[in-house]
Structures are given as C-alpha cells and as structure tokens.
file target.cif (mmCIF, N, CA and C atoms, pLDDT in the B column; chains and numbers go by the auth columns)
data_data
#
loop_
_atom_site.group_PDB
_atom_site.id
_atom_site.type_symbol
_atom_site.label_atom_id
_atom_site.label_comp_id
_atom_site.label_asym_id
_atom_site.label_seq_id
_atom_site.Cartn_x
_atom_site.Cartn_y
_atom_site.Cartn_z
_atom_site.B_iso_or_equiv
_atom_site.auth_seq_id
_atom_site.auth_asym_id
ATOM 1 N N ALA A 1 66.370 -53.729 -50.353 86.00 1 A
ATOM 2 C CA ALA A 1 65.540 -52.917 -51.225 86.00 1 A
ATOM 3 C C ALA A 1 64.237 -53.638 -51.533 86.00 1 A
ATOM 4 N N GLU A 2 64.340 -54.928 -51.854 87.00 2 A
ATOM 5 C CA GLU A 2 63.143 -55.690 -52.196 87.00 2 A
ATOM 6 C C GLU A 2 62.189 -55.788 -51.011 87.00 2 A
ATOM 7 N N ILE A 3 62.711 -56.053 -49.832 89.00 3 A
ATOM 8 C CA ILE A 3 61.870 -56.195 -48.642 89.00 3 A
ATOM 9 C C ILE A 3 61.168 -54.875 -48.326 89.00 3 A
ATOM 10 N N GLY A 4 61.874 -53.765 -48.463 87.00 4 A
ATOM 11 C CA GLY A 4 61.308 -52.450 -48.172 87.00 4 A
ATOM 12 C C GLY A 4 60.473 -51.871 -49.300 87.00 4 A
ATOM 13 N N GLY A 5 60.522 -52.518 -50.451 90.00 5 A
ATOM 14 C CA GLY A 5 59.746 -52.021 -51.583 90.00 5 A
ATOM 15 C C GLY A 5 60.291 -50.727 -52.169 90.00 5 A
ATOM 16 N N ILE A 6 61.612 -50.570 -52.096 92.00 6 A
ATOM 17 C CA ILE A 6 62.238 -49.373 -52.668 92.00 6 A
ATOM 18 C C ILE A 6 63.304 -49.814 -53.658 92.00 6 A
ATOM 19 N N THR A 7 63.791 -48.857 -54.417 93.00 7 A
ATOM 20 C CA THR A 7 64.813 -49.183 -55.404 93.00 7 A
ATOM 21 C C THR A 7 66.155 -49.436 -54.704 93.00 7 A
ATOM 22 N N LYS A 8 67.037 -50.146 -55.392 94.00 8 A
ATOM 23 C CA LYS A 8 68.370 -50.388 -54.846 94.00 8 A
ATOM 24 C C LYS A 8 69.113 -49.077 -54.667 94.00 8 A
ATOM 25 N N LYS A 9 68.896 -48.140 -55.577 94.00 9 A
ATOM 26 C CA LYS A 9 69.557 -46.836 -55.490 94.00 9 A
ATOM 27 C C LYS A 9 69.108 -46.107 -54.233 94.00 9 A
ATOM 28 N N ALA A 10 67.803 -46.110 -53.958 94.00 10 A
ATOM 29 C CA ALA A 10 67.280 -45.437 -52.768 94.00 10 A
ATOM 30 C C ALA A 10 67.804 -46.105 -51.497 94.00 10 A
ATOM 31 N N ALA A 11 67.883 -47.436 -51.497 94.00 11 A
ATOM 32 C CA ALA A 11 68.409 -48.168 -50.340 94.00 11 A
ATOM 33 C C ALA A 11 69.872 -47.818 -50.109 94.00 11 A
ATOM 34 N N ARG A 12 70.648 -47.778 -51.189 95.00 12 A
ATOM 35 C CA ARG A 12 72.072 -47.443 -51.080 95.00 12 A
ATOM 36 C C ARG A 12 72.242 -46.014 -50.570 95.00 12 A
ATOM 37 N N GLU A 13 71.458 -45.073 -51.093 96.00 13 A
ATOM 38 C CA GLU A 13 71.550 -43.678 -50.653 96.00 13 A
ATOM 39 C C GLU A 13 71.175 -43.543 -49.179 96.00 13 A
ATOM 40 N N GLY A 14 70.159 -44.285 -48.747 94.00 14 A
ATOM 41 C CA GLY A 14 69.760 -44.247 -47.342 94.00 14 A
ATOM 42 C C GLY A 14 70.846 -44.786 -46.434 94.00 14 A
ATOM 43 N N LEU A 15 71.463 -45.887 -46.847 95.00 15 A
ATOM 44 C CA LEU A 15 72.550 -46.473 -46.069 95.00 15 A
ATOM 45 C C LEU A 15 73.751 -45.536 -46.025 95.00 15 A
ATOM 46 N N GLU A 16 74.100 -44.934 -47.155 97.00 16 A
ATOM 47 C CA GLU A 16 75.230 -43.999 -47.193 97.00 16 A
ATOM 48 C C GLU A 16 74.964 -42.790 -46.307 97.00 16 A
ATOM 49 N N LEU A 17 73.728 -42.301 -46.280 97.00 17 A
ATOM 50 C CA LEU A 17 73.373 -41.170 -45.420 97.00 17 A
ATOM 51 C C LEU A 17 73.501 -41.558 -43.954 97.00 17 A
ATOM 52 N N PHE A 18 73.028 -42.763 -43.608 94.00 18 A
ATOM 53 C CA PHE A 18 73.143 -43.241 -42.231 94.00 18 A
ATOM 54 C C PHE A 18 74.606 -43.320 -41.810 94.00 18 A
ATOM 55 N N ILE A 19 75.445 -43.908 -42.658 95.00 19 A
ATOM 56 C CA ILE A 19 76.874 -44.062 -42.332 95.00 19 A
ATOM 57 C C ILE A 19 77.543 -42.703 -42.195 95.00 19 A
ATOM 58 N N GLU A 20 77.258 -41.793 -43.096 96.00 20 A
ATOM 59 C CA GLU A 20 77.851 -40.453 -43.022 96.00 20 A
ATOM 60 C C GLU A 20 77.430 -39.738 -41.744 96.00 20 A
ATOM 61 N N THR A 21 76.153 -39.832 -41.405 95.00 21 A
ATOM 62 C CA THR A 21 75.644 -39.200 -40.182 95.00 21 A
ATOM 63 C C THR A 21 76.289 -39.825 -38.950 95.00 21 A
ATOM 64 N N LEU A 22 76.379 -41.157 -38.934 95.00 22 A
ATOM 65 C CA LEU A 22 77.000 -41.858 -37.824 95.00 22 A
ATOM 66 C C LEU A 22 78.456 -41.423 -37.653 95.00 22 A
ATOM 67 N N MET A 23 79.198 -41.331 -38.751 95.00 23 A
ATOM 68 C CA MET A 23 80.599 -40.914 -38.681 95.00 23 A
ATOM 69 C C MET A 23 80.731 -39.483 -38.158 95.00 23 A
ATOM 70 N N ASN A 24 79.811 -38.609 -38.542 95.00 24 A
ATOM 71 C CA ASN A 24 79.846 -37.230 -38.041 95.00 24 A
ATOM 72 C C ASN A 24 79.659 -37.195 -36.533 95.00 24 A
ATOM 73 N N TYR A 25 78.717 -37.986 -36.017 95.00 25 A
ATOM 74 C CA TYR A 25 78.507 -38.040 -34.567 95.00 25 A
ATOM 75 C C TYR A 25 79.698 -38.674 -33.864 95.00 25 A
ATOM 76 N N MET A 26 80.285 -39.708 -34.448 94.00 26 A
ATOM 77 C CA MET A 26 81.436 -40.363 -33.829 94.00 26 A
ATOM 78 C C MET A 26 82.632 -39.417 -33.778 94.00 26 A
ATOM 79 N N ALA A 27 82.782 -38.585 -34.795 93.00 27 A
ATOM 80 C CA ALA A 27 83.882 -37.614 -34.824 93.00 27 A
ATOM 81 C C ALA A 27 83.748 -36.612 -33.676 93.00 27 A
ATOM 82 N N GLU A 28 82.516 -36.382 -33.220 94.00 28 A
ATOM 83 C CA GLU A 28 82.268 -35.459 -32.110 94.00 28 A
ATOM 84 C C GLU A 28 82.186 -36.200 -30.770 94.00 28 A
ATOM 85 N N ASP A 29 82.529 -37.479 -30.753 92.00 29 A
ATOM 86 C CA ASP A 29 82.456 -38.324 -29.548 92.00 29 A
ATOM 87 C C ASP A 29 81.055 -38.370 -28.941 92.00 29 A
ATOM 88 N N GLU A 30 80.047 -38.348 -29.778 93.00 30 A
ATOM 89 C CA GLU A 30 78.674 -38.435 -29.300 93.00 30 A
ATOM 90 C C GLU A 30 78.141 -39.840 -29.516 93.00 30 A
ATOM 91 N N LYS A 31 77.278 -40.282 -28.608 94.00 31 A
ATOM 92 C CA LYS A 31 76.647 -41.587 -28.737 94.00 31 A
ATOM 93 C C LYS A 31 75.480 -41.489 -29.712 94.00 31 A
ATOM 94 N N VAL A 32 75.249 -42.557 -30.445 94.00 32 A
ATOM 95 C CA VAL A 32 74.100 -42.646 -31.339 94.00 32 A
ATOM 96 C C VAL A 32 73.285 -43.849 -30.883 94.00 32 A
ATOM 97 N N MET A 33 72.054 -43.581 -30.440 95.00 33 A
ATOM 98 C CA MET A 33 71.192 -44.644 -29.954 95.00 33 A
ATOM 99 C C MET A 33 70.021 -44.823 -30.914 95.00 33 A
ATOM 100 N N ILE A 34 69.768 -46.084 -31.281 93.00 34 A
ATOM 101 C CA ILE A 34 68.641 -46.418 -32.131 93.00 34 A
ATOM 102 C C ILE A 34 67.750 -47.340 -31.316 93.00 34 A
ATOM 103 N N LYS A 35 66.599 -46.835 -30.912 92.00 35 A
ATOM 104 C CA LYS A 35 65.705 -47.564 -30.026 92.00 35 A
ATOM 105 C C LYS A 35 65.360 -48.935 -30.621 92.00 35 A
ATOM 106 N N GLY A 36 65.500 -49.961 -29.800 90.00 36 A
ATOM 107 C CA GLY A 36 65.191 -51.314 -30.217 90.00 36 A
ATOM 108 C C GLY A 36 66.291 -51.983 -31.023 90.00 36 A
ATOM 109 N N PHE A 37 67.363 -51.259 -31.304 92.00 37 A
ATOM 110 C CA PHE A 37 68.466 -51.812 -32.092 92.00 37 A
ATOM 111 C C PHE A 37 69.757 -51.814 -31.280 92.00 37 A
ATOM 112 N N GLY A 38 70.197 -50.639 -30.808 95.00 38 A
ATOM 113 C CA GLY A 38 71.417 -50.560 -30.017 95.00 38 A
ATOM 114 C C GLY A 38 72.023 -49.173 -30.071 95.00 38 A
ATOM 115 N N ARG A 39 73.260 -49.088 -29.590 96.00 39 A
ATOM 116 C CA ARG A 39 73.932 -47.791 -29.586 96.00 39 A
ATOM 117 C C ARG A 39 75.361 -47.930 -30.106 96.00 39 A
ATOM 118 N N PHE A 40 75.811 -46.864 -30.725 96.00 40 A
ATOM 119 C CA PHE A 40 77.173 -46.742 -31.219 96.00 40 A
ATOM 120 C C PHE A 40 77.857 -45.683 -30.375 96.00 40 A
ATOM 121 N N GLU A 41 79.098 -45.923 -29.995 95.00 41 A
ATOM 122 C CA GLU A 41 79.861 -44.912 -29.272 95.00 41 A
ATOM 123 C C GLU A 41 81.347 -45.146 -29.474 95.00 41 A
ATOM 124 N N MET A 42 82.108 -44.101 -29.228 95.00 42 A
ATOM 125 C CA MET A 42 83.560 -44.191 -29.317 95.00 42 A
ATOM 126 C C MET A 42 84.106 -44.624 -27.961 95.00 42 A
ATOM 127 N N LYS A 43 85.071 -45.522 -27.987 94.00 43 A
ATOM 128 C CA LYS A 43 85.701 -45.982 -26.758 94.00 43 A
ATOM 129 C C LYS A 43 87.186 -45.691 -26.834 94.00 43 A
ATOM 130 N N ASN A 44 87.725 -45.143 -25.744 94.00 44 A
ATOM 131 C CA ASN A 44 89.152 -44.839 -25.666 94.00 44 A
ATOM 132 C C ASN A 44 89.908 -46.050 -25.130 94.00 44 A
ATOM 133 N N TYR A 45 91.031 -46.356 -25.756 94.00 45 A
ATOM 134 C CA TYR A 45 91.906 -47.430 -25.306 94.00 45 A
ATOM 135 C C TYR A 45 93.263 -46.825 -24.963 94.00 45 A
ATOM 136 N N LYS A 46 93.768 -47.150 -23.788 96.00 46 A
ATOM 137 C CA LYS A 46 95.062 -46.635 -23.353 96.00 46 A
ATOM 138 C C LYS A 46 96.194 -47.374 -24.067 96.00 46 A
ATOM 139 N N GLU A 47 97.348 -46.726 -24.078 95.00 47 A
ATOM 140 C CA GLU A 47 98.543 -47.367 -24.641 95.00 47 A
ATOM 141 C C GLU A 47 98.835 -48.627 -23.846 95.00 47 A
ATOM 142 N N ARG A 48 99.293 -49.685 -24.548 94.00 48 A
ATOM 143 C CA ARG A 48 99.619 -50.919 -23.851 94.00 48 A
ATOM 144 C C ARG A 48 100.730 -51.652 -24.585 94.00 48 A
ATOM 145 N N ILE A 49 101.352 -52.558 -23.863 94.00 49 A
ATOM 146 C CA ILE A 49 102.422 -53.378 -24.425 94.00 49 A
ATOM 147 C C ILE A 49 101.839 -54.751 -24.745 94.00 49 A
ATOM 148 N N CYS A 50 102.184 -55.256 -25.897 91.00 50 A
ATOM 149 C CA CYS A 50 101.730 -56.595 -26.285 91.00 50 A
ATOM 150 C C CYS A 50 102.917 -57.383 -26.825 91.00 50 A
ATOM 151 N N ARG A 51 102.693 -58.655 -27.051 91.00 51 A
ATOM 152 C CA ARG A 51 103.743 -59.514 -27.580 91.00 51 A
ATOM 153 C C ARG A 51 103.347 -59.953 -28.984 91.00 51 A
ATOM 154 N N SER A 52 104.258 -59.808 -29.924 85.00 52 A
ATOM 155 C CA SER A 52 104.017 -60.218 -31.298 85.00 52 A
ATOM 156 C C SER A 52 103.913 -61.739 -31.370 85.00 52 A
ATOM 157 N N PRO A 53 102.818 -62.268 -31.938 86.00 53 A
ATOM 158 C CA PRO A 53 102.681 -63.720 -32.019 86.00 53 A
ATOM 159 C C PRO A 53 103.672 -64.358 -32.999 86.00 53 A
ATOM 160 N N ILE A 54 104.195 -63.578 -33.921 86.00 54 A
ATOM 161 C CA ILE A 54 105.118 -64.120 -34.923 86.00 54 A
ATOM 162 C C ILE A 54 106.545 -64.164 -34.385 86.00 54 A
ATOM 163 N N GLY A 55 107.063 -63.020 -33.966 86.00 55 A
ATOM 164 C CA GLY A 55 108.459 -62.959 -33.525 86.00 55 A
ATOM 165 C C GLY A 55 108.635 -63.100 -32.028 86.00 55 A
ATOM 166 N N GLY A 56 107.558 -62.886 -31.258 87.00 56 A
ATOM 167 C CA GLY A 56 107.643 -63.001 -29.809 87.00 56 A
ATOM 168 C C GLY A 56 108.166 -61.764 -29.110 87.00 56 A
ATOM 169 N N GLU A 57 108.568 -60.734 -29.879 92.00 57 A
ATOM 170 C CA GLU A 57 109.092 -59.543 -29.225 92.00 57 A
ATOM 171 C C GLU A 57 107.946 -58.617 -28.795 92.00 57 A
ATOM 172 N N ASN A 58 108.242 -57.776 -27.794 92.00 58 A
ATOM 173 C CA ASN A 58 107.248 -56.828 -27.297 92.00 58 A
ATOM 174 C C ASN A 58 107.058 -55.683 -28.279 92.00 58 A
ATOM 175 N N CYS A 59 105.832 -55.189 -28.353 89.00 59 A
ATOM 176 C CA CYS A 59 105.559 -54.004 -29.155 89.00 59 A
ATOM 177 C C CYS A 59 104.552 -53.149 -28.402 89.00 59 A
ATOM 178 N N ILE A 60 104.480 -51.888 -28.754 91.00 60 A
ATOM 179 C CA ILE A 60 103.591 -50.956 -28.076 91.00 60 A
ATOM 180 C C ILE A 60 102.418 -50.622 -28.991 91.00 60 A
ATOM 181 N N ILE A 61 101.217 -50.752 -28.439 91.00 61 A
ATOM 182 C CA ILE A 61 100.020 -50.309 -29.155 91.00 61 A
ATOM 183 C C ILE A 61 99.677 -48.943 -28.574 91.00 61 A
ATOM 184 N N PRO A 62 99.722 -47.895 -29.391 95.00 62 A
ATOM 185 C CA PRO A 62 99.494 -46.549 -28.867 95.00 62 A
ATOM 186 C C PRO A 62 98.038 -46.338 -28.437 95.00 62 A
ATOM 187 N N GLU A 63 97.830 -45.303 -27.657 95.00 63 A
ATOM 188 C CA GLU A 63 96.476 -44.918 -27.250 95.00 63 A
ATOM 189 C C GLU A 63 95.664 -44.652 -28.514 95.00 63 A
ATOM 190 N N HIS A 64 94.422 -45.123 -28.524 95.00 64 A
ATOM 191 C CA HIS A 64 93.592 -44.946 -29.713 95.00 64 A
ATOM 192 C C HIS A 64 92.108 -45.051 -29.344 95.00 64 A
ATOM 193 N N LYS A 65 91.272 -44.742 -30.304 94.00 65 A
ATOM 194 C CA LYS A 65 89.825 -44.823 -30.133 94.00 65 A
ATOM 195 C C LYS A 65 89.270 -45.804 -31.156 94.00 65 A
ATOM 196 N N LYS A 66 88.183 -46.470 -30.755 94.00 66 A
ATOM 197 C CA LYS A 66 87.476 -47.372 -31.669 94.00 66 A
ATOM 198 C C LYS A 66 85.983 -47.141 -31.503 94.00 66 A
ATOM 199 N N MET A 67 85.266 -47.321 -32.590 94.00 67 A
ATOM 200 C CA MET A 67 83.818 -47.251 -32.504 94.00 67 A
ATOM 201 C C MET A 67 83.313 -48.602 -32.036 94.00 67 A
ATOM 202 N N ARG A 68 82.409 -48.589 -31.061 95.00 68 A
ATOM 203 C CA ARG A 68 81.841 -49.816 -30.524 95.00 68 A
ATOM 204 C C ARG A 68 80.337 -49.812 -30.741 95.00 68 A
ATOM 205 N N PHE A 69 79.771 -50.992 -30.926 95.00 69 A
ATOM 206 C CA PHE A 69 78.328 -51.151 -31.027 95.00 69 A
ATOM 207 C C PHE A 69 77.870 -52.042 -29.895 95.00 69 A
ATOM 208 N N TYR A 70 76.840 -51.605 -29.195 94.00 70 A
ATOM 209 C CA TYR A 70 76.246 -52.373 -28.113 94.00 70 A
ATOM 210 C C TYR A 70 74.799 -52.663 -28.499 94.00 70 A
ATOM 211 N N ALA A 71 74.495 -53.939 -28.692 93.00 71 A
ATOM 212 C CA ALA A 71 73.154 -54.325 -29.116 93.00 71 A
ATOM 213 C C ALA A 71 72.153 -54.117 -27.987 93.00 71 A
ATOM 214 N N SER A 72 70.923 -53.747 -28.367 93.00 72 A
ATOM 215 C CA SER A 72 69.863 -53.606 -27.374 93.00 72 A
ATOM 216 C C SER A 72 69.456 -54.994 -26.888 93.00 72 A
ATOM 217 N N GLU A 73 68.731 -55.054 -25.785 92.00 73 A
ATOM 218 C CA GLU A 73 68.267 -56.338 -25.279 92.00 73 A
ATOM 219 C C GLU A 73 67.385 -57.031 -26.308 92.00 73 A
ATOM 220 N N THR A 74 66.599 -56.254 -27.031 91.00 74 A
ATOM 221 C CA THR A 74 65.715 -56.809 -28.050 91.00 74 A
ATOM 222 C C THR A 74 66.518 -57.566 -29.107 91.00 74 A
ATOM 223 N N ILE A 75 67.556 -56.936 -29.615 91.00 75 A
ATOM 224 C CA ILE A 75 68.395 -57.564 -30.642 91.00 75 A
ATOM 225 C C ILE A 75 69.159 -58.744 -30.060 91.00 75 A
ATOM 226 N N ALA A 76 69.718 -58.577 -28.855 89.00 76 A
ATOM 227 C CA ALA A 76 70.489 -59.656 -28.226 89.00 76 A
ATOM 228 C C ALA A 76 69.604 -60.879 -28.012 89.00 76 A
ATOM 229 N N ASP A 77 68.371 -60.672 -27.543 91.00 77 A
ATOM 230 C CA ASP A 77 67.450 -61.791 -27.339 91.00 77 A
ATOM 231 C C ASP A 77 67.102 -62.462 -28.663 91.00 77 A
ATOM 232 N N ARG A 78 66.912 -61.657 -29.678 89.00 78 A
ATOM 233 C CA ARG A 78 66.572 -62.204 -30.998 89.00 78 A
ATOM 234 C C ARG A 78 67.714 -63.057 -31.551 89.00 78 A
ATOM 235 N N ILE A 79 68.952 -62.609 -31.353 89.00 79 A
ATOM 236 C CA ILE A 79 70.122 -63.368 -31.808 89.00 79 A
ATOM 237 C C ILE A 79 70.207 -64.690 -31.055 89.00 79 A
ATOM 238 N N LYS A 80 69.968 -64.653 -29.737 90.00 80 A
ATOM 239 C CA LYS A 80 69.993 -65.886 -28.951 90.00 80 A
ATOM 240 C C LYS A 80 68.939 -66.868 -29.449 90.00 80 A
ATOM 241 N N GLU A 81 67.753 -66.362 -29.767 90.00 81 A
ATOM 242 C CA GLU A 81 66.684 -67.216 -30.291 90.00 81 A
ATOM 243 C C GLU A 81 67.113 -67.857 -31.616 90.00 81 A
ATOM 244 N N MET A 82 67.713 -67.059 -32.486 90.00 82 A
ATOM 245 C CA MET A 82 68.142 -67.553 -33.795 90.00 82 A
ATOM 246 C C MET A 82 69.228 -68.618 -33.627 90.00 82 A
ATOM 247 N N GLN A 83 70.152 -68.403 -32.695 89.00 83 A
ATOM 248 C CA GLN A 83 71.217 -69.370 -32.476 89.00 83 A
ATOM 249 C C GLN A 83 70.656 -70.668 -31.917 89.00 83 A
ATOM 250 N N GLY A 84 69.625 -70.578 -31.087 83.00 84 A
ATOM 251 C CA GLY A 84 68.992 -71.761 -30.545 83.00 84 A
ATOM 252 C C GLY A 84 68.291 -72.577 -31.603 83.00 84 A
ATOM 253 N N GLU A 85 67.746 -71.893 -32.627 71.00 85 A
ATOM 254 C CA GLU A 85 67.056 -72.570 -33.720 71.00 85 A
ATOM 255 C C GLU A 85 68.017 -73.344 -34.595 71.00 85 A
ATOM 256 N N GLU A 86 69.250 -72.885 -34.730 64.00 86 A
ATOM 257 C CA GLU A 86 70.243 -73.518 -35.600 64.00 86 A
ATOM 258 C C GLU A 86 70.779 -74.805 -34.996 64.00 86 A
ATOM 259 N N GLU A 87 70.760 -74.924 -33.673 57.00 87 A
ATOM 260 C CA GLU A 87 71.361 -76.092 -33.026 57.00 87 A
ATOM 261 C C GLU A 87 70.480 -77.293 -33.102 57.00 87 A
#
call {"tool": "encode", "arguments": {"input": "target.cif", "output": "structure tokens"}}
result
Amino acid sequence: AEIGGITKKAAREGLELFIETLMNYMAEDEKVMIKGFGRFEMKNYKERICRSPIGGENCIIPEHKKMRFYASETIADRIKEMQGEEE
C-alpha cells in the first residue's frame, strides 16, 4: 500500500478481487497470463501409488487437479539476479 501510494484497505480489496477473479478462471480450467509476470493454470494429476514415509505401507493418491504458477522469463531472470546478489 505504501509503495503504491494507496490505502491498506484499497490494496486489500484489490488483492481480494484478483484472487477471486483468478479462482473463477481456475474453476473453468482457463489459463490466466499476466504479461511480464507469469501464468496460472490448472494441472491434472493421475491417480498414483505412493509409500507412506511413517509406516512404510502403500497408499493411493487419487486423481486430482492443482493450480500451478509458471514464472515469466523476466521474473525468473530477476530471481536469479537476486539470488546471485545474496551469495
């Protein structure tokens, strides 16, 4: 809010609107692309068998969907630059 010169309430409302809009598009399995930032999309995962790390027995993870974010090259390059500065 301070960086953008807006109130905290306006910033919160803007963020809530973005999240609500994003969820509506994800519910319809549509991609959301933000130029220079990245894209959000739903990814389907097939049913699979895994092993419980605690008991060691097999369990089944059912077919499901997850929202994924893929950063744009601009953001990915910026993150790499920031990580290089920290070292």
call {"tool": "resolve_selection", "arguments": {"input": "target.cif", "expression": "the PyMOL selection byres ((chain A and resi 70-72) around 5)", "output": "list of chain:residue names"}}
result
A:Phe37, A:Gly38, A:Arg39, A:Arg68, A:Phe69, A:Glu73, A:Thr74, A:Ile75, A:Ala76
call {"tool": "write_last_selection", "arguments": {"input": "target.cif", "atoms": "N, CA and C atoms", "output": "PDB file, keeping the file's coordinate frame"}}
result
ATOM      1  N   PHE A  37      67.363 -51.259 -31.304  1.00 92.00           N
ATOM      2  CA  PHE A  37      68.466 -51.812 -32.092  1.00 92.00           C
ATOM      3  C   PHE A  37      69.757 -51.814 -31.280  1.00 92.00           C
ATOM      4  N   GLY A  38      70.197 -50.639 -30.808  1.00 95.00           N
ATOM      5  CA  GLY A  38      71.417 -50.560 -30.017  1.00 95.00           C
ATOM      6  C   GLY A  38      72.023 -49.173 -30.071  1.00 95.00           C
ATOM      7  N   ARG A  39      73.260 -49.088 -29.590  1.00 96.00           N
ATOM      8  CA  ARG A  39      73.932 -47.791 -29.586  1.00 96.00           C
ATOM      9  C   ARG A  39      75.361 -47.930 -30.106  1.00 96.00           C
ATOM     10  N   ARG A  68      82.409 -48.589 -31.061  1.00 95.00           N
ATOM     11  CA  ARG A  68      81.841 -49.816 -30.524  1.00 95.00           C
ATOM     12  C   ARG A  68      80.337 -49.812 -30.741  1.00 95.00           C
ATOM     13  N   PHE A  69      79.771 -50.992 -30.926  1.00 95.00           N
ATOM     14  CA  PHE A  69      78.328 -51.151 -31.027  1.00 95.00           C
ATOM     15  C   PHE A  69      77.870 -52.042 -29.895  1.00 95.00           C
ATOM     16  N   GLU A  73      68.731 -55.054 -25.785  1.00 92.00           N
ATOM     17  CA  GLU A  73      68.267 -56.338 -25.279  1.00 92.00           C
ATOM     18  C   GLU A  73      67.385 -57.031 -26.308  1.00 92.00           C
ATOM     19  N   THR A  74      66.599 -56.254 -27.031  1.00 91.00           N
ATOM     20  CA  THR A  74      65.715 -56.809 -28.050  1.00 91.00           C
ATOM     21  C   THR A  74      66.518 -57.566 -29.107  1.00 91.00           C
ATOM     22  N   ILE A  75      67.556 -56.936 -29.615  1.00 91.00           N
ATOM     23  CA  ILE A  75      68.395 -57.564 -30.642  1.00 91.00           C
ATOM     24  C   ILE A  75      69.159 -58.744 -30.060  1.00 91.00           C
ATOM     25  N   ALA A  76      69.718 -58.577 -28.855  1.00 89.00           N
ATOM     26  CA  ALA A  76      70.489 -59.656 -28.226  1.00 89.00           C
ATOM     27  C   ALA A  76      69.604 -60.879 -28.012  1.00 89.00           C
TER      28      ALA A  76
END
call {"tool": "resolve_selection", "arguments": {"input": "target.cif", "expression": "the PyMOL selection byres ((chain A and resi 41) around 8)", "output": "JSON, numbers by chain"}}
result
{"A": [25, 26, 29, 30, 31, 32, 33, 38, 39, 40, 42, 43, 44, 66, 67, 68, 69, 70]}
call {"tool": "atom_distance", "arguments": {"input": "target.cif", "atom1": "atom CA of Leu22 of chain A", "atom2": "atom CA of Lys9 of chain A"}}
result
19.8 Å
call {"tool": "select_by_dssp", "arguments": {"input": "target.cif", "residues": "chain A", "states": "strand (DSSP E or B)", "output": "list in words"}}
result
Val32, Met33, Ile34, Gly38, Arg39, Phe40, Glu41, Met42, Lys43, Asn44, Tyr45, Arg48, Ile49, Cys50, Arg51, Asn58, Cys59, Ile60, Ile61, His64, Lys65, Lys66, Met67, Arg68, Phe69, Tyr70 and Ala71 of chain A
call {"tool": "residues_near_point", "arguments": {"input": "target.cif", "point": "(99.2, -49.8, -25.1)", "cutoff": "10 Å", "atoms": "only C-alpha atoms", "output": "VMD selection string"}}
result
chain A and resid 45 to 50 59 to 64
call {"tool": "axis_aligned_box", "arguments": {"input": "target.cif", "around": "segment 39-54 of chain A", "padding_each_side": "8 Å", "output": "lines of an AutoDock Vina configuration file"}}
result
center_x = 89.9
center_y = -54.2
center_z = -29.1
size_x = 49.3
size_y = 36.3
size_z = 27.6
call {"tool": "select_by_dssp", "arguments": {"input": "target.cif", "residues": "chain A", "states": "alpha helix (DSSP H)", "output": "number ranges by chain"}}
result
A: 8-27, 73-86
call {"tool": "atom_distance", "arguments": {"input": "target.cif", "atom1": "atom N of Ser52 of chain A", "atom2": "atom CA of Lys65 of chain A"}}
result
20.8 Å
call {"tool": "atom_distance", "arguments": {"input": "target.cif", "atom1": "atom N of Asn24 of chain A", "atom2": "atom N of Lys80 of chain A"}}
result
29.2 Å
